[in-house]
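Have a look at the structure below before the remarks.
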Amino acid sequence: MVRGEMEEGVIFDIKRFAIHDGPGIRTTVFFKGCPLRCGWCHNPESQGAEPELVVRPSRCQRCSSCLGVCPERALSFSGEGISVDRSRCTRCGTCARACPSQALEIVGRAVTIGDTVGEIVRDVPFYDESGGGATFSGGEPLWQPDFLAAVLRACHERGIHTAVDTCGFAPWETIARVREATDLFLYDLKLMDSGRHAELTGVPNALILENLERLSRLGQTLIVRVAVIPGINDSERELRALGEFVGSLRNPPPVDLLPYHRIGVGKYTRLGRLYRLGEVTPPDEERMAQIVRLFRRYEFPVTVGGEALGDD
Ligand code: SF4
Ligand code: SF4
């Protein structure tokens, strides 16, 4: 029995058999709510702390089941299918329950600690076989510290390896609280220039860098993850500043470079938001190889998407 297992957190997904969120086969729990607003976020549905209505007009069969049940009269048909007036929508979810074709969906749900741990323990045999475990991602898991700490503790009590995928923007006290039950931090760094960091993510980076320094000093197992975004953080100056910083840490952690991709772009439309990055093109293999070569001068291993690139 998990202490306080009826306490709740808000998540938007649980993905089983994940292979890119830490070692081995993992179950990844995606927390809802994040203090940053990165324009390139591929999980924009994770940013707000509250449930959100996702609209997929192309799935709409024009059956009208939703129109009559909306208490706010926020729904109507447009040329493409169903359309929502977001200034009226209260995100109550009534329409989503009435829709037979998932053209309307509420993203984000409250879950108890017991339910979450129950979902994670289903795949213990796969974790044991592959050296995997549970990863807590988002959104920002540290933004729900009580829930996160309780689920981490419950995983550890069951011998399950844990990873926390974080942007690092949290009071040190929060990190210190979850640290002992966290086997691995997947620590995202965005930009070294604090002014541009604030401009592009909504917050400066001083606290993020300070927390990373402290974790490294304490010998915490870390992987620094950097989404490489052309025109945003791939200048020579930015990359060198990042290399110098990570290389200067007490225990320099490995750096995993994640090439920017556009997989999440369509989600912005479905949430009624603007994709602020416009037409940025993903970096090609040659560009990633150049960046890897640049980082080889520092005393830490570099991978791309978790894979080492060969010498070329
Ligand atoms: S979530 Fe509620 S308020 Fe919003 S469109 Fe659906 S039924 Fe109407
Ligand atoms: S209930 Fe679903 S399929 Fe029917 S009109 Fe509404 S959005 Fe379209």
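Please note that chains go A, B, ... in the order of the structure tokens, that every chain numbers its residues from 1, and that ligands are numbered from 1 in the order shown.
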Contacts between ligand 1 and chain A, please, where a residue of chain A counts if it comes within 6 Å (with only C-alpha atoms and all ligand atoms); show its shortest atom pair and distance in Å to one decimal, rows by chain and ascending number, as CSV.
residue,atom,partner,partner_atom_place_in_ligand_line,distance
A:Cys70,CA,ligand 1,7 (S),3.7
A:Pro71,CA,ligand 1,8 (Fe),5.8
A:Glu72,CA,ligand 1,3 (S),5.2
A:Ala74,CA,ligand 1,5 (S),5.0
A:Leu75,CA,ligand 1,5 (S),5.5
A:Val84,CA,ligand 1,5 (S),5.9
A:Cys89,CA,ligand 1,4 (Fe),3.7
A:Thr90,CA,ligand 1,3 (S),4.4
A:Arg91,CA,ligand 1,1 (S),3.6
A:Cys92,CA,ligand 1,2 (Fe),4.0
A:Gly93,CA,ligand 1,1 (S),4.0
A:Thr94,CA,ligand 1,7 (S),4.4
A:Cys95,CA,ligand 1,7 (S),4.1
How would you write, as a ChimeraX atom specification, the set of residues no farther than 12 Å from ligand 2 when counting only C-alpha atoms and all ligand atoms?
/A:53-70,74-78,80-84,93-105
Grab the residues selected above and save them as a CSV table (one decimal), in the first residue's frame with C-alpha atoms.
chain,number,residue,atom,x,y,z
A,53,LEU,CA,-9.7,20.7,-25.5
A,54,VAL,CA,-8.1,19.2,-28.6
A,55,VAL,CA,-10.0,19.6,-31.9
A,56,ARG,CA,-9.5,17.5,-35.0
A,57,PRO,CA,-11.9,18.8,-37.6
A,58,SER,CA,-10.7,16.2,-40.2
A,59,ARG,CA,-12.1,13.4,-38.0
A,60,CYS,CA,-15.5,15.1,-37.6
A,61,GLN,CA,-18.4,13.2,-39.2
A,62,ARG,CA,-20.9,16.1,-38.8
A,63,CYS,CA,-23.2,14.0,-36.7
A,64,SER,CA,-24.1,17.0,-34.5
A,65,SER,CA,-24.0,14.9,-31.3
A,66,CYS,CA,-21.8,17.6,-29.7
A,67,LEU,CA,-23.6,20.7,-30.7
A,68,GLY,CA,-26.6,20.3,-28.4
A,69,VAL,CA,-24.7,19.2,-25.3
A,70,CYS,CA,-22.3,22.1,-25.1
A,74,ALA,CA,-19.2,27.1,-28.2
A,75,LEU,CA,-19.3,24.7,-31.1
A,76,SER,CA,-20.3,25.2,-34.7
A,77,PHE,CA,-19.4,23.7,-38.1
A,78,SER,CA,-16.8,25.3,-40.3
A,80,GLU,CA,-13.4,21.7,-42.4
A,81,GLY,CA,-15.7,20.2,-39.8
A,82,ILE,CA,-16.3,21.0,-36.1
A,83,SER,CA,-15.0,24.3,-34.8
A,84,VAL,CA,-14.8,25.7,-31.2
A,93,GLY,CA,-15.3,17.8,-21.7
A,94,THR,CA,-19.0,17.2,-22.3
A,95,CYS,CA,-18.6,17.4,-26.1
A,96,ALA,CA,-15.7,15.0,-26.1
A,97,ARG,CA,-17.7,12.4,-24.3
A,98,ALA,CA,-20.5,12.8,-26.8
A,99,CYS,CA,-18.3,12.6,-29.9
A,100,PRO,CA,-18.2,9.1,-31.5
A,101,SER,CA,-15.1,9.8,-33.7
A,102,GLN,CA,-12.5,11.5,-31.3
A,103,ALA,CA,-12.8,14.7,-33.2
A,104,LEU,CA,-13.0,16.3,-29.8
A,105,GLU,CA,-10.8,15.2,-26.9
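Checking A:Arg270, A:Arg196, A:His156, A:Arg109 one by one against Lys32 (chain A), counting only C-alpha atoms, you find the shortest gap at A:Arg109.
Backbone DSSP assigns strand (DSSP E) in region 105-188 of chain A to Glu105, Ile106, Val107, Arg109, Ala110, Val111, Thr112, Gly133, Ala134, Thr135, Phe136, Ser137, His161, Thr162, Ala163, Val164, Asp165, Thr166, Leu184, Phe185, Leu186, Tyr187 and Asp188 of chain A.
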Between A:Leu258, A:Leu274, A:Leu36, A:Ala134, which one has atoms that come closest to Pro204 (chain A), using only C-alpha atoms?
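Closest candidate: A:Leu36.
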Among region 8-208 of chain A, which residues does DSSP mark as alpha helix (DSSP H) when it is run on the backbone? Keep the chain and numbering as in the structure and answer as an MDAnalysis selection string.
chainID A and resid 94:98 113:121 124:130 145:157 172:179 194:201 206:208
Write out, as a tab-separated table, each residue of region 103-153 of chain A that has an atom at most 7 Å from region 21-30 of chain A, together with the closest pair of atoms and their distance in Å to one decimal, counting only C-alpha atoms, rows going by chain and rising number.
residue	atom	partner	partner_atom	distance
A:Ile120	CA	A:Thr27	CA	6.2
A:Phe126	CA	A:Ile25	CA	6.4
A:Tyr127	CA	A:Ile25	CA	5.8
A:Ser130	CA	A:Gly24	CA	4.8
A:Gly131	CA	A:Gly24	CA	4.9
A:Gly132	CA	A:Gly24	CA	3.8
A:Gly133	CA	A:Arg26	CA	4.8
A:Ala134	CA	A:Thr27	CA	4.8
A:Thr135	CA	A:Thr28	CA	4.6
A:Phe136	CA	A:Val29	CA	5.0
A:Ser137	CA	A:Phe30	CA	4.8
A:Gly138	CA	A:Phe30	CA	4.2
A:Gly139	CA	A:Phe30	CA	6.6
Output for the residues just chosen: C-alpha atoms as a short mmCIF file (atom, residue, chain, number, x, y, z; two decimals), in the first residue's frame:
data_model
loop_
_atom_site.label_atom_id
_atom_site.label_comp_id
_atom_site.auth_asym_id
_atom_site.auth_seq_id
_atom_site.Cartn_x
_atom_site.Cartn_y
_atom_site.Cartn_z
CA ILE A 120 3.99 1.37 -13.88
CA PHE A 126 10.24 -5.81 -19.13
CA TYR A 127 12.23 -3.41 -16.94
CA SER A 130 16.04 -4.64 -20.39
CA GLY A 131 17.49 -2.56 -17.55
CA GLY A 132 14.58 -0.16 -17.91
CA GLY A 133 12.18 1.48 -15.48
CA ALA A 134 9.87 4.46 -15.13
CA THR A 135 10.45 7.97 -16.51
CA PHE A 136 8.60 11.07 -15.39
CA SER A 137 8.35 13.67 -18.11
CA GLY A 138 5.95 16.35 -19.22
CA GLY A 139 5.36 19.13 -19.03
#
Among the residues A:Lys267, A:Lys15, A:Arg296, A:Arg179, the one that comes closest to Arg153 (chain A) [using only C-alpha atoms]:
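That would be A:Arg179, the residue with the smallest distance to Arg153 (chain A).
The closest residue to Glu299 (chain A), picked from A:Tyr268, A:Phe245, A:Trp172, A:Trp40 and counting only C-alpha atoms, is A:Phe245.
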Kindly give the distance, in Å, that separates CA of Leu142 (chain A) and CA of Thr174 (chain A), rounded to a single decimal.
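Value for the CA of Leu142 (chain A)-CA of Thr174 (chain A) distance: 7.0 Å.
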As a list in words, please: the residues near region 164-170 of chain A (cut-off 8 Å, only C-alpha atoms, same-chain neighbours under 2 positions excluded).
Asp21, Pro35, Thr135, Phe136, Ser137, Gly138, Glu140, Pro141, Leu142, Trp143, Thr162, Trp172, Thr174, Ile175, Thr182, Leu184, Phe185, Leu186, Tyr187, Asp188, Leu189, Asn205, Leu207, Ile208, Leu209, Asn211 and Leu212 of chain A
How would the residues just chosen look if you wrote them out with N, CA, C and O atoms as a tab-separated table (two decimals), in the first residue's frame?
chain	number	residue	atom	x	y	z
A	21	ASP	N	13.50	7.34	-23.50
A	21	ASP	CA	13.36	8.17	-22.30
A	21	ASP	C	14.23	7.67	-21.16
A	21	ASP	O	13.84	7.74	-19.99
A	35	PRO	N	6.54	25.50	-16.30
A	35	PRO	CA	6.79	26.93	-16.10
A	35	PRO	C	7.40	27.60	-17.33
A	35	PRO	O	7.50	28.82	-17.37
A	135	THR	N	9.97	6.61	-16.27
A	135	THR	CA	10.45	7.97	-16.51
A	135	THR	C	9.29	8.94	-16.29
A	135	THR	O	8.16	8.66	-16.69
A	136	PHE	N	9.61	10.05	-15.65
A	136	PHE	CA	8.60	11.07	-15.39
A	136	PHE	C	8.97	12.30	-16.21
A	136	PHE	O	10.05	12.87	-16.03
A	137	SER	N	8.07	12.63	-17.13
A	137	SER	CA	8.35	13.67	-18.11
A	137	SER	C	7.18	14.64	-18.14
A	137	SER	O	6.39	14.70	-17.21
A	138	GLY	N	7.08	15.42	-19.19
A	138	GLY	CA	5.95	16.35	-19.22
A	138	GLY	C	5.89	17.10	-20.52
A	138	GLY	O	6.29	16.58	-21.55
A	140	GLU	N	6.46	19.54	-16.96
A	140	GLU	CA	7.57	19.56	-16.02
A	140	GLU	C	7.16	18.80	-14.76
A	140	GLU	O	6.33	19.29	-13.98
A	141	PRO	N	7.72	17.61	-14.55
A	141	PRO	CA	7.32	16.82	-13.39
A	141	PRO	C	7.58	17.50	-12.05
A	141	PRO	O	6.83	17.32	-11.10
A	142	LEU	N	8.66	18.33	-12.00
A	142	LEU	CA	8.97	19.00	-10.73
A	142	LEU	C	7.93	20.06	-10.36
A	142	LEU	O	7.93	20.59	-9.26
A	143	TRP	N	7.03	20.33	-11.29
A	143	TRP	CA	5.97	21.31	-11.04
A	143	TRP	C	4.85	20.72	-10.18
A	143	TRP	O	3.97	21.43	-9.72
A	162	THR	N	14.28	4.76	-11.72
A	162	THR	CA	13.49	5.96	-12.01
A	162	THR	C	14.33	7.02	-12.72
A	162	THR	O	15.52	7.21	-12.40
A	172	TRP	N	15.64	24.71	-5.54
A	172	TRP	CA	16.55	23.61	-5.18
A	172	TRP	C	15.89	22.67	-4.17
A	172	TRP	O	16.07	21.45	-4.22
A	174	THR	N	12.97	21.62	-4.00
A	174	THR	CA	12.14	20.62	-4.69
A	174	THR	C	13.02	19.51	-5.25
A	174	THR	O	12.73	18.32	-5.11
A	175	ILE	N	14.12	19.91	-5.88
A	175	ILE	CA	15.02	18.91	-6.46
A	175	ILE	C	15.63	18.05	-5.36
A	175	ILE	O	15.72	16.83	-5.47
A	182	THR	N	15.54	9.35	-7.22
A	182	THR	CA	15.72	9.51	-8.67
A	182	THR	C	17.07	8.92	-9.06
A	182	THR	O	18.12	9.37	-8.60
A	184	LEU	N	18.21	8.76	-12.22
A	184	LEU	CA	18.78	9.46	-13.38
A	184	LEU	C	17.97	10.74	-13.63
A	184	LEU	O	16.73	10.68	-13.67
A	185	PHE	N	18.67	11.85	-13.81
A	185	PHE	CA	18.02	13.07	-14.28
A	185	PHE	C	18.34	13.23	-15.77
A	185	PHE	O	19.52	13.24	-16.14
A	186	LEU	N	17.31	13.35	-16.59
A	186	LEU	CA	17.48	13.75	-17.98
A	186	LEU	C	17.27	15.25	-17.97
A	186	LEU	O	16.14	15.73	-17.78
A	187	TYR	N	18.36	16.00	-18.07
A	187	TYR	CA	18.33	17.43	-17.73
A	187	TYR	C	18.42	18.25	-19.01
A	187	TYR	O	19.46	18.26	-19.69
A	188	ASP	N	17.36	18.94	-19.35
A	188	ASP	CA	17.31	19.69	-20.61
A	188	ASP	C	17.97	21.06	-20.47
A	188	ASP	O	17.63	21.82	-19.57
A	189	LEU	N	18.89	21.34	-21.38
A	189	LEU	CA	19.43	22.71	-21.48
A	189	LEU	C	18.97	23.28	-22.82
A	189	LEU	O	19.04	22.60	-23.85
A	205	ASN	N	17.91	31.65	-17.34
A	205	ASN	CA	18.45	30.30	-17.13
A	205	ASN	C	19.33	30.15	-15.88
A	205	ASN	O	19.86	29.06	-15.63
A	207	LEU	N	18.80	29.87	-12.62
A	207	LEU	CA	18.39	28.82	-11.67
A	207	LEU	C	18.63	27.43	-12.27
A	207	LEU	O	19.08	26.50	-11.58
A	208	ILE	N	18.37	27.29	-13.55
A	208	ILE	CA	18.54	26.01	-14.25
A	208	ILE	C	20.01	25.57	-14.20
A	208	ILE	O	20.33	24.42	-13.88
A	209	LEU	N	20.91	26.52	-14.50
A	209	LEU	CA	22.34	26.21	-14.51
A	209	LEU	C	22.85	25.93	-13.10
A	209	LEU	O	23.64	25.02	-12.88
A	211	ASN	N	21.12	24.75	-10.55
A	211	ASN	CA	20.64	23.43	-10.10
A	211	ASN	C	21.46	22.30	-10.72
A	211	ASN	O	21.76	21.30	-10.07
A	212	LEU	N	21.82	22.49	-11.99
A	212	LEU	CA	22.62	21.45	-12.65
A	212	LEU	C	24.00	21.35	-12.00
A	212	LEU	O	24.51	20.25	-11.75
Can you work out the spacing between CA of Gly272 (chain A) and CA of Gln144 (chain A) in Å, to one decimal?
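Going from CA of Gly272 (chain A) over to CA of Gln144 (chain A), I get 25.6 Å.
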Write out as a list in words which residues come within 10 Å of Leu309 (chain A) when counting only C-alpha atoms, dropping same-chain ones fewer than 6 positions away.
Glu285, Met288, Ala289, Val292, Arg293, Val302 and Thr303 of chain A
Find the residues around Ala49 (chain A) up to 8 Å (only C-alpha atoms counted), leave out those fewer than 2 positions away in its own chain, and share them as a list in words.
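Contacts, with the query itself left out: Val10, Lys32, Gly33, Cys34, Ser46, Gln47 and Pro51 of chain A.
Computed from the coordinates, the CA of Tyr260 (chain A) to CA of Arg16 (chain A) distance equals 23.6 Å.
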